[in-house]
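Quick look at upload-v6.cif (mmCIF, C-alpha atoms and all ligand atoms):
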```
data_work
loop_
_atom_site.group_PDB
_atom_site.id
_atom_site.type_symbol
_atom_site.label_atom_id
_atom_site.label_comp_id
_atom_site.auth_asym_id
_atom_site.auth_seq_id
_atom_site.Cartn_x
_atom_site.Cartn_y
_atom_site.Cartn_z
ATOM 1 C CA MET X 769 -12.484 21.385 -5.481
ATOM 2 C CA VAL X 770 -9.814 18.787 -6.300
ATOM 3 C CA THR X 771 -10.394 15.594 -8.262
ATOM 4 C CA LEU X 772 -8.539 12.496 -7.106
ATOM 5 C CA ILE X 773 -8.653 9.004 -8.595
ATOM 6 C CA VAL X 774 -8.627 6.677 -5.617
ATOM 7 C CA ASN X 775 -8.896 2.920 -5.976
ATOM 8 C CA GLY X 776 -10.257 3.351 -9.486
ATOM 9 C CA VAL X 777 -12.967 5.860 -8.546
ATOM 10 C CA ARG X 778 -12.967 9.609 -9.262
ATOM 11 C CA ARG X 779 -13.506 11.489 -6.007
ATOM 12 C CA GLU X 780 -14.168 15.208 -5.653
ATOM 13 C CA VAL X 781 -12.809 16.711 -2.455
ATOM 14 C CA GLN X 782 -13.159 20.183 -1.035
ATOM 15 C CA ALA X 783 -9.802 20.975 0.522
ATOM 16 C CA PRO X 784 -6.945 23.445 0.010
ATOM 17 C CA ASN X 785 -4.380 22.328 -2.585
ATOM 18 C CA ASP X 786 -1.641 21.859 -0.013
ATOM 19 C CA THR X 787 -3.674 19.515 2.207
ATOM 20 C CA PRO X 788 -1.740 16.286 2.835
ATOM 21 C CA LEU X 789 -3.203 13.382 0.901
ATOM 22 C CA LEU X 790 -3.302 11.354 4.125
ATOM 23 C CA TYR X 791 -5.762 13.781 5.722
ATOM 24 C CA VAL X 792 -8.083 13.640 2.723
ATOM 25 C CA LEU X 793 -7.957 9.847 2.512
ATOM 26 C CA ARG X 794 -8.743 9.361 6.191
ATOM 27 C CA ASN X 795 -10.962 12.334 6.986
ATOM 28 C CA ASP X 796 -12.848 12.938 3.748
ATOM 29 C CA LEU X 797 -12.857 9.569 2.007
ATOM 30 C CA GLN X 798 -12.992 7.317 5.101
ATOM 31 C CA LEU X 799 -10.059 5.222 3.915
ATOM 32 C CA ASN X 800 -8.361 4.292 7.163
ATOM 33 C CA GLY X 801 -5.737 1.861 5.885
ATOM 34 C CA PRO X 802 -3.051 4.567 5.695
ATOM 35 C CA GLN X 803 -1.962 5.512 9.218
ATOM 36 C CA PHE X 804 -0.605 8.723 10.706
ATOM 37 C CA GLY X 805 2.705 7.702 12.255
ATOM 38 C CA CYS X 806 5.438 10.325 12.170
ATOM 39 C CA GLY X 807 3.871 12.813 9.751
ATOM 40 C CA LEU X 808 7.376 13.514 8.458
ATOM 41 C CA ALA X 809 7.968 10.863 5.770
ATOM 42 C CA GLN X 810 10.144 8.932 8.213
ATOM 43 C CA CYS X 811 8.217 5.723 8.977
ATOM 44 C CA GLY X 812 6.063 4.593 6.035
ATOM 45 C CA ALA X 813 2.833 4.002 7.980
ATOM 46 C CA CYS X 814 0.918 6.389 5.700
ATOM 47 C CA SER X 815 2.073 4.913 2.406
ATOM 48 C CA VAL X 816 -0.104 4.568 -0.687
ATOM 49 C CA LEU X 817 0.708 3.722 -4.291
ATOM 50 C CA VAL X 818 0.643 6.582 -6.793
ATOM 51 C CA GLU X 819 0.975 5.290 -10.348
ATOM 52 C CA GLY X 820 2.373 2.106 -8.803
ATOM 53 C CA LYS X 821 5.047 3.794 -6.702
ATOM 54 C CA GLU X 822 5.074 3.968 -2.919
ATOM 55 C CA VAL X 823 4.419 7.529 -1.753
ATOM 56 C CA ARG X 824 4.304 8.910 1.775
ATOM 57 C CA SER X 825 0.849 10.437 1.872
ATOM 58 C CA CYS X 826 1.590 12.461 5.030
ATOM 59 C CA VAL X 827 3.868 14.794 3.069
ATOM 60 C CA THR X 828 2.169 14.647 -0.336
ATOM 61 C CA ALA X 829 -0.077 17.575 -1.203
ATOM 62 C CA ILE X 830 -3.292 16.616 -2.946
ATOM 63 C CA SER X 831 -2.439 19.058 -5.748
ATOM 64 C CA ASP X 832 0.571 16.855 -6.570
ATOM 65 C CA VAL X 833 -1.517 13.755 -7.268
ATOM 66 C CA VAL X 834 -4.454 15.164 -9.221
ATOM 67 C CA ASN X 835 -5.538 12.770 -11.978
ATOM 68 C CA GLN X 836 -2.973 10.179 -10.911
ATOM 69 C CA GLU X 837 -3.919 6.612 -9.963
ATOM 70 C CA ILE X 838 -3.900 6.348 -6.175
ATOM 71 C CA THR X 839 -4.197 2.916 -4.568
ATOM 72 C CA THR X 840 -4.688 2.481 -0.851
ATOM 73 C CA LEU X 841 -4.622 -0.706 1.180
ATOM 74 C CA GLU X 842 -8.384 -0.923 0.637
ATOM 75 C CA GLY X 843 -7.825 -1.039 -3.121
ATOM 76 C CA LEU X 844 -5.213 -3.793 -3.266
ATOM 77 C CA SER X 845 -7.598 -6.667 -3.962
ATOM 78 C CA ALA X 846 -9.311 -4.753 -6.794
ATOM 79 C CA ARG X 847 -5.888 -3.847 -8.175
ATOM 80 C CA TRP X 848 -4.938 -7.526 -8.277
ATOM 81 C CA ALA X 849 -8.298 -8.521 -9.770
ATOM 82 C CA LYS X 850 -7.840 -5.959 -12.533
ATOM 83 C CA GLN X 851 -4.291 -7.121 -13.230
ATOM 84 C CA LYS X 852 -5.525 -10.710 -13.487
ATOM 85 C CA GLY X 853 -8.592 -9.822 -15.538
ATOM 86 C CA LEU X 854 -10.977 -11.370 -13.020
ATOM 87 C CA SER X 855 -14.725 -10.925 -13.321
ATOM 88 C CA THR X 856 -16.582 -8.595 -10.977
ATOM 89 C CA GLU X 857 -17.952 -11.595 -9.084
ATOM 90 C CA GLU X 858 -14.521 -13.214 -8.723
ATOM 91 C CA ALA X 859 -12.996 -9.910 -7.682
ATOM 92 C CA LYS X 860 -15.385 -9.626 -4.723
ATOM 93 C CA SER X 861 -13.953 -12.750 -3.103
ATOM 94 C CA THR X 862 -10.326 -12.183 -4.082
ATOM 95 C CA LEU X 863 -7.524 -11.020 -1.835
ATOM 96 C CA HIS X 864 -4.348 -9.517 -3.172
ATOM 97 C CA PRO X 865 -1.550 -12.109 -2.763
ATOM 98 C CA VAL X 866 0.163 -9.746 -0.348
ATOM 99 C CA GLN X 867 -2.964 -9.661 1.828
ATOM 100 C CA GLN X 868 -3.344 -13.430 1.627
ATOM 101 C CA ALA X 869 0.288 -14.024 2.541
ATOM 102 C CA TRP X 870 0.097 -11.551 5.433
ATOM 103 C CA ILE X 871 -2.865 -13.478 6.835
ATOM 104 C CA GLU X 872 -1.387 -16.914 6.293
ATOM 105 C CA GLU X 873 1.978 -15.906 7.785
ATOM 106 C CA GLN X 874 0.259 -14.029 10.649
ATOM 107 C CA THR X 875 2.684 -11.190 10.023
ATOM 108 C CA PRO X 876 1.364 -8.235 12.078
ATOM 109 C CA GLN X 877 1.787 -7.691 15.788
ATOM 110 C CA CYS X 878 0.122 -4.412 16.800
ATOM 111 C CA GLY X 879 -0.528 -3.779 13.102
ATOM 112 C CA PHE X 880 0.111 -0.047 13.045
ATOM 113 C CA CYS X 881 2.925 -0.124 10.492
ATOM 114 C CA GLN X 882 1.533 -2.903 8.355
ATOM 115 C CA ASN X 883 -0.332 -0.693 5.882
ATOM 116 C CA GLY X 884 2.984 0.711 4.718
ATOM 117 C CA MET X 885 4.649 -2.690 4.744
ATOM 118 C CA MET X 886 1.975 -4.165 2.474
ATOM 119 C CA ILE X 887 2.032 -1.188 0.135
ATOM 120 C CA LYS X 888 5.825 -1.410 -0.092
ATOM 121 C CA ALA X 889 5.612 -5.171 -0.667
ATOM 122 C CA THR X 890 3.136 -4.633 -3.492
ATOM 123 C CA GLU X 891 5.367 -2.049 -5.152
ATOM 124 C CA LEU X 892 8.334 -4.408 -4.879
ATOM 125 C CA LEU X 893 6.541 -7.496 -6.208
ATOM 126 C CA GLU X 894 5.106 -5.608 -9.176
ATOM 127 C CA SER X 895 8.647 -4.761 -10.304
ATOM 128 C CA ASN X 896 10.408 -7.900 -9.052
ATOM 129 C CA PRO X 897 8.093 -10.919 -8.788
ATOM 130 C CA ASN X 898 10.647 -13.110 -7.006
ATOM 131 C CA PRO X 899 12.845 -10.963 -4.753
ATOM 132 C CA ASN X 900 15.534 -12.526 -2.577
ATOM 133 C CA THR X 901 16.166 -11.516 1.013
ATOM 134 C CA ALA X 902 18.785 -8.909 0.115
ATOM 135 C CA GLN X 903 16.485 -7.313 -2.443
ATOM 136 C CA ILE X 904 13.623 -7.193 0.056
ATOM 137 C CA LYS X 905 15.848 -5.588 2.680
ATOM 138 C CA GLU X 906 17.100 -3.060 0.146
ATOM 139 C CA ALA X 907 13.564 -2.152 -0.943
ATOM 140 C CA PHE X 908 12.448 -1.567 2.629
ATOM 141 C CA THR X 909 15.494 0.389 3.766
ATOM 142 C CA THR X 910 16.195 2.723 0.859
ATOM 143 C CA GLY X 911 14.169 5.538 -0.625
ATOM 144 C CA ILE X 912 12.871 8.450 1.361
ATOM 145 C CA SER X 913 13.320 6.506 4.634
ATOM 146 C CA PRO X 914 13.208 2.898 5.860
ATOM 147 C CA ASN X 915 9.790 1.414 6.633
ATOM 148 C CA LEU X 916 9.783 1.179 10.423
ATOM 149 C CA CYS X 917 8.094 -1.381 12.691
ATOM 150 C CA ARG X 918 8.279 -0.787 16.422
ATOM 151 C CA CYS X 919 7.138 -4.365 17.068
ATOM 152 C CA GLY X 920 10.045 -5.786 15.071
ATOM 153 C CA THR X 921 8.115 -7.839 12.522
ATOM 154 C CA TYR X 922 10.867 -7.513 9.928
ATOM 155 C CA VAL X 923 11.667 -11.234 9.656
ATOM 156 C CA ALA X 924 7.964 -12.076 9.355
ATOM 157 C CA ILE X 925 7.606 -9.464 6.602
ATOM 158 C CA ILE X 926 10.427 -11.056 4.595
ATOM 159 C CA ASP X 927 8.733 -14.457 4.961
ATOM 160 C CA ALA X 928 5.374 -13.005 3.926
ATOM 161 C CA ILE X 929 6.786 -11.336 0.812
ATOM 162 C CA LYS X 930 8.374 -14.616 -0.296
ATOM 163 C CA HIS X 931 5.049 -16.343 0.354
ATOM 164 C CA ALA X 932 3.194 -13.672 -1.632
ATOM 165 C CA ALA X 933 5.614 -14.181 -4.517
ATOM 166 C CA VAL X 934 4.684 -17.870 -4.609
ATOM 167 C CA ILE X 935 0.957 -17.035 -4.589
ATOM 168 C CA MET X 936 1.448 -14.474 -7.357
ATOM 169 C CA ALA X 937 3.376 -16.954 -9.459
ATOM 170 C CA LYS X 938 0.398 -19.322 -9.255
ATOM 171 C CA GLY X 939 -1.684 -16.444 -10.580
ATOM 172 C CA LYS X 940 -4.458 -16.531 -8.015
HETATM 173 S S1 LIG A 1 3.263 8.986 8.793
HETATM 174 FE FE1 LIG A 1 3.975 9.299 6.777
HETATM 175 S S2 LIG A 1 5.966 8.434 6.782
HETATM 176 FE FE2 LIG A 1 5.347 8.329 8.861
HETATM 177 S S1 LIG A 2 3.370 -4.450 13.868
HETATM 178 FE FE1 LIG A 2 3.445 -2.981 15.475
HETATM 179 S S2 LIG A 2 4.554 -1.322 14.627
HETATM 180 FE FE2 LIG A 2 4.748 -2.904 13.162
#
```

Rewritten as structure tokens:
Amino acid sequence: MVTLIVNGVRREVQAPNDTPLLYVLRNDLQLNGPQFGCGLAQCGACSVLVEGKEVRSCVTAISDVVNQEITTLEGLSARWAKQKGLSTEEAKSTLHPVQQAWIEEQTPQCGFCQNGMMIKATELLESNPNPNTAQIKEAFTTGISPNLCRCGTYVAIIDAIKHAAVIMAKGK
């Protein structure tokens, strides 16, 4: 039995310690935001935040994230609501600025990679609330591997991150 803290909730899972976090999120906890792309930490489709940092869940053993704060795409709006100190009622109707910007900019094409793009964008904006184009490109192309989009939505992602930064600055 392994205890994980996912989107603010303690979850007990019955799985071997070396089970990839991605498998547990999707198969045991029914959190289908993270996607199985390459399975080799080379694309970013499976990304989640662990203690605020983007982690490739396809190569992360559950034993490595015990008692750490895991946030999936499904938990982004609650994460934002908590950061802004919103009431429970307000939180129910609140989108994370990254989600709102992605919708308003109509960023995805097929959508498969977009979980990782939004997780990466959230990590970036929490450390740099007003990134320029070069900083966005650097964030998405360094680290364990670049975040890959086969549909080529890279320009739209840059626009959406800048839009999200404006929404965040307004604080709602
Ligand atoms: S599926 Fe994890 S990085 Fe590609
Ligand atoms: S939107 Fe299709 S892979 Fe990125």

- Item | Atomic distance CA of Asn898 in chain X - CA of Ile935 in chain X, expressed in Å with one decimal |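 Pair CA of Asn898 in chain X / CA of Ile935 in chain X returns 10.7 Å.
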
- Task: Would you translate the PyMOL selection byres (((chain X and resi 930) around 9) and not hetatm) into the concrete set of residues it matches in this file, as a list in words?
- Result: Ala869, Asn898, Pro899, Asn900, Thr901, Ile925, Ile926, Asp927, Ala928, Ile929, His931, Ala932, Ala933, Val934 and Ile935 of chain X

- Residues selected by the PyMOL selection byres (((not hetatm)) within 7 of (chain A and resi 2)), written as a list of chain:residue names: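 So the PyMOL selection byres (((not hetatm)) within 7 of (chain A and resi 2)), applied here, picks out X:Pro876, X:Gln877, X:Cys878, X:Gly879, X:Phe880, X:Cys881, X:Gln882, X:Cys917, X:Arg918, X:Cys919, X:Gly920, X:Thr921.
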
- Task: Using the chain letters and numbering of this document, enumerate as a ChimeraX atom specification the residues selected by the PyMOL selection byres (((not hetatm)) within 9 of (chain A and resi 1)).
- Result: /X:790,802-815,823-827,881,884,912-913,915-916

- Message: Between X:Val774, X:Val781, X:Leu799, X:Met769, which residue has the minimum interatomic distance to Arg847 in chain X, considering all atoms listed in the file?
- Response: X:Val774

- Query: What is the distance, in Å and to one decimal place, between CA of Glu906 in chain X and CA of Glu872 in chain X?
  - Reply: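 If I compute the distance from CA of Glu906 in chain X to CA of Glu872 in chain X, I get 23.9 Å.
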
- For the atom pair CA of Ala859 in chain X and CA of Val834 in chain X, what is the interatomic distance in Å to one decimal place? 26.5 Å

- Task: For Gly820 in chain X, list every protein, DNA or RNA residue within 12 Å, evaluated using only C-alpha atoms, and leave out those in the same chain fewer than 4 positions away; present the list as a list in words.
- Result: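 Everything that qualifies: Asn775, Ser815, Val816, Gln836, Glu837, Ile838, Thr839, Thr840, Leu844, Arg847, Ile887, Lys888, Ala889, Thr890, Glu891, Leu892, Leu893, Glu894 and Ser895 of chain X.
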
- Select, from X:Asn883, X:Asn896, X:Lys821, X:Lys850, the residue with the minimum atom-to-atom distance to Gly911 in chain X, counting all atoms listed in the file.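 With all atoms listed in the file as the atom set, the closest residue is X:Lys821.
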
- Message: Could you check the closest approach to Ile871 in chain X for each of X:Val833, X:Ala907, X:Ala846, X:Ala924 and tell me which residue wins, using all atoms listed in the file?
- Response: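 Once distances to Ile871 in chain X are computed over all atoms listed in the file, the minimum belongs to X:Ala924.
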
- Item | From X:Ala829, X:Asp796, X:Trp848, X:Arg778, residue lying nearest Pro865 in chain X [only C-alpha atoms] | X:Trp848

- Task: Tell me which protein, DNA and RNA residues are within 8 Å of Ala783 in chain X, counting all atoms listed in the file, leaving out same-chain ones fewer than 4 positions away, and put them as a list in words.
- Result: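 These residues fall inside the cut-off: Met769, Val770, Thr787 and Val792 of chain X.
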
- Task: Name the closest residue to Thr862 in chain X among the candidates X:Ala937, X:Met885, X:Ala849, X:Ile830; distances are taken between atoms, counting only C-alpha atoms.
- Result: X:Ala849
